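Engineer: Contents of start_22.cif (mmCIF, C-alpha atoms):
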data_data
loop_
_atom_site.label_atom_id
_atom_site.label_comp_id
_atom_site.auth_asym_id
_atom_site.auth_seq_id
_atom_site.Cartn_x
_atom_site.Cartn_y
_atom_site.Cartn_z
CA MET A 1 61.61 118.66 111.70
CA THR A 2 62.92 115.10 111.96
CA ILE A 3 60.99 114.46 115.17
CA ALA A 4 57.81 115.75 113.53
CA LEU A 5 58.28 113.32 110.63
CA TRP A 6 58.81 110.38 113.02
CA ILE A 7 55.63 111.38 114.86
CA LEU A 8 53.69 111.67 111.59
CA VAL A 9 54.87 108.23 110.46
CA GLY A 10 53.98 106.79 113.87
CA LEU A 11 50.50 108.28 113.66
CA LEU A 12 50.01 106.85 110.17
CA LEU A 13 51.07 103.42 111.41
CA LEU A 14 48.70 103.63 114.37
CA ALA A 15 45.81 104.89 112.22
CA GLY A 16 46.54 102.07 109.77
CA LEU A 17 46.43 99.45 112.49
CA ILE A 18 43.11 100.80 113.75
CA GLY A 19 41.83 101.17 110.20
CA SER A 20 42.51 97.52 109.48
CA ALA A 21 39.58 96.61 111.72
CA VAL A 22 37.41 99.74 111.42
CA PRO A 23 35.30 100.55 108.37
CA LEU A 24 36.07 103.61 106.22
CA LEU A 25 39.80 103.73 107.01
CA PRO A 26 42.20 102.25 104.46
CA GLY A 27 44.23 100.48 107.15
CA THR A 28 47.14 98.79 105.45
CA THR A 29 47.30 101.56 102.84
CA LEU A 30 47.89 104.12 105.62
CA ILE A 31 50.71 101.96 106.95
CA MET A 32 52.21 101.72 103.46
CA LEU A 33 51.88 105.50 103.10
CA GLY A 34 53.76 106.01 106.37
CA VAL A 35 56.58 103.70 105.27
CA VAL A 36 56.90 105.37 101.84
CA LEU A 37 56.79 108.82 103.45
CA GLN A 38 59.62 107.88 105.78
CA LYS A 39 61.70 106.44 102.93
CA TRP A 40 61.11 109.56 100.89
CA LEU A 41 61.80 112.15 103.60
CA LEU A 42 64.21 110.25 105.88
CA ALA A 43 65.88 108.03 103.29
CA ASP A 44 68.77 106.85 105.47
CA THR A 45 66.51 105.40 108.16
CA LEU A 46 64.87 102.73 106.00
CA SER A 47 66.18 100.43 103.26
CA TRP A 48 64.48 99.77 99.95
CA ALA A 49 64.42 96.08 100.85
CA ALA A 50 62.32 96.87 103.92
CA VAL A 51 59.97 99.01 101.84
CA GLY A 52 59.69 96.13 99.36
CA TRP A 53 58.78 93.61 102.07
CA VAL A 54 56.20 95.95 103.57
CA ALA A 55 54.77 96.54 100.08
CA ALA A 56 54.54 92.78 99.48
CA VAL A 57 52.53 92.31 102.69
CA TRP A 58 50.39 95.31 101.72
CA LEU A 59 49.54 93.67 98.38
CA LEU A 60 48.79 90.42 100.21
CA SER A 61 46.37 92.31 102.48
CA LEU A 62 44.49 93.69 99.46
CA VAL A 63 44.21 90.28 97.83
CA ALA A 64 43.18 88.57 101.10
CA ASP A 65 40.55 91.20 101.79
CA ILE A 66 38.77 90.67 98.48
CA ALA A 67 39.40 86.94 98.17
CA CYS A 68 38.07 86.01 101.62
CA THR A 69 34.62 87.51 101.03
CA LEU A 70 34.33 86.11 97.53
CA LEU A 71 35.59 82.66 98.50
CA GLY A 72 33.37 82.61 101.58
CA ALA A 73 30.28 83.12 99.46
CA ARG A 74 31.52 80.67 96.84
CA LEU A 75 32.36 77.89 99.31
CA PHE A 76 28.88 78.16 100.80
CA GLY A 77 27.25 77.75 97.39
CA GLY A 78 27.00 81.37 96.34
CA THR A 79 26.85 82.48 92.73
CA LYS A 80 28.33 85.52 91.06
CA TRP A 81 25.12 87.30 92.02
CA GLY A 82 25.74 86.54 95.69
CA MET A 83 29.33 87.73 95.49
CA ALA A 84 28.27 90.96 93.81
CA GLY A 85 25.48 91.46 96.35
CA ALA A 86 27.90 90.84 99.23
CA SER A 87 30.24 93.50 97.84
CA GLY A 88 27.40 95.99 97.39
CA GLY A 89 26.03 95.28 100.85
CA ALA A 90 29.47 95.71 102.39
CA LEU A 91 29.86 99.01 100.57
CA ALA A 92 26.53 100.23 101.94
CA GLY A 93 27.22 99.00 105.48
CA MET A 94 30.73 100.41 105.77
CA PHE A 95 29.39 103.92 106.31
CA PHE A 96 27.80 102.94 109.60
CA SER A 97 29.68 100.46 111.79
CA LEU A 98 31.41 97.09 111.80
CA PRO A 99 28.16 95.23 112.65
CA ALA A 100 26.37 97.10 109.84
CA LEU A 101 29.19 96.16 107.50
CA ILE A 102 28.82 92.47 108.33
CA LEU A 103 25.02 92.67 108.17
CA GLY A 104 25.23 94.54 104.85
CA THR A 105 27.48 91.82 103.45
CA LEU A 106 25.06 89.12 104.59
CA LEU A 107 21.88 90.84 103.42
CA GLY A 108 23.42 92.00 100.15
CA ALA A 109 24.37 88.44 99.25
CA VAL A 110 20.95 87.10 100.29
CA ALA A 111 19.08 89.74 98.27
CA ALA A 112 21.20 89.24 95.18
CA GLU A 113 20.86 85.45 95.37
CA LYS A 114 17.07 85.69 95.75
CA LEU A 115 16.43 88.40 93.18
CA GLY A 116 19.21 87.94 90.65
CA ALA A 117 20.00 84.22 90.77
CA LYS A 118 16.44 83.15 91.67
CA ARG A 119 17.75 80.87 94.43
CA THR A 120 15.69 79.44 97.27
CA SER A 121 15.67 81.18 100.62
CA SER A 122 17.79 78.42 102.14
CA GLU A 123 20.41 78.69 99.39
CA ALA A 124 20.40 82.48 99.58
CA TRP A 125 20.90 82.54 103.36
CA LYS A 126 23.67 79.95 103.10
CA SER A 127 25.46 82.11 100.55
CA GLY A 128 24.97 85.20 102.71
CA ALA A 129 26.38 83.43 105.76
CA GLY A 130 29.39 82.37 103.72
CA ALA A 131 29.96 85.92 102.52
CA ALA A 132 29.71 87.28 106.08
CA LEU A 133 32.12 84.63 107.40
CA GLY A 134 34.46 85.37 104.52
CA PHE A 135 34.33 89.05 105.40
CA LEU A 136 35.23 88.26 109.02
CA PHE A 137 38.15 86.11 107.91
CA GLY A 138 39.20 88.94 105.59
CA THR A 139 39.20 91.36 108.52
CA VAL A 140 41.36 88.99 110.55
CA ALA A 141 43.74 88.61 107.59
CA ARG A 142 43.88 92.41 107.13
CA VAL A 143 44.70 92.98 110.81
CA ALA A 144 47.36 90.24 110.67
CA CYS A 145 48.90 91.89 107.61
CA ALA A 146 48.85 95.28 109.36
CA VAL A 147 50.66 93.81 112.37
CA ALA A 148 53.18 92.11 110.06
CA MET A 149 53.78 95.37 108.16
CA ILE A 150 54.41 97.27 111.39
CA ALA A 151 56.70 94.49 112.65
CA LEU A 152 58.71 94.57 109.41
CA TYR A 153 58.95 98.34 109.63
CA ALA A 154 59.99 98.28 113.29
CA GLY A 155 62.57 95.59 112.62
CA ALA A 156 64.01 97.66 109.81
CA VAL A 157 64.22 101.01 111.62
CA TRP A 158 65.11 99.79 115.11
CA PRO A 159 68.74 99.01 114.24
CA ALA A 160 68.98 102.31 112.36
CA ARG A 161 67.85 104.24 115.46
CA GLY A 162 70.12 102.37 117.87
#
Could I get this structure in the form of structure tokens?

Structural biologist:
Amino acid sequence: MTIALWILVGLLLLAGLIGSAVPLLPGTTLIMLGVVLQKWLLADTLSWAAVGWVAAVWLLSLVADIACTLLGARLFGGTKWGMAGASGGALAGMFFSLPALILGTLLGAVAAEKLGAKRTSSEAWKSGAGAALGFLFGTVARVACAVAMIALYAGAVWPARG
């Protein structure tokens, strides 16, 4: 039973790492789930301090994910309309592929800027580009957080297994 739990946790960590870059998978949340599952079922193999550090990086990944897209649009002159459109476009695109997700973010911001904020085409495209770049930076931040979470986990359990 113990081996099966280690395998399950390992699969959750791997799925989380992949999910950090792939749409539709809650990447860092799967990693957090694996860590909590291990603490709950194999309590002696992981400290609460380690769980706390992994949880802190998990929260950072959530904040970075949202903030990067919103700040990207904002820094490129986007309005609240553009940020809302970028979020809606990303939501629509995530059901297809990573390129569709980026394109959805871009086009959602452009459409919202044009229709809702009554901005010029140039301003709308600039905002859309900012939102798409912000999304890409958010993906990089999410993957970095996933790697950090796995490294913290591995550092915490490696001595316990030795």

Engineer: On this file, the PyMOL selection byres ((chain A and resi 144-151) around 12) gives some set of residues; write that set as a ChimeraX atom specification.

Structural biologist: /A:9-21,26-35,50-65,137-143,152-158

Engineer: Written as a count of residues only, which residues does the PyMOL selection byres ((chain A and resi 72) around 7) give for the file shown?

Structural biologist: 12

Engineer: Work out how far atom CA of A:Ile66 is from atom CA of A:Ala49, in Å to one decimal.

Structural biologist: 26.3 Å

Engineer: Run through the PyMOL selection byres ((chain A and resi 110-119) around 8) on the given coordinates and return the selected residues as number ranges by chain.

Structural biologist: A: 78-79, 81-82, 84-86, 106-109, 120-121, 123-125, 127-128

Engineer: With distances taken over all atoms listed in the file, which residue among A:Gln38, A:Ala100, A:Trp48, A:Phe135 lies nearest A:Ser87?

Structural biologist: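 Ranked by minimum distance to A:Ser87, first place goes to A:Phe135.
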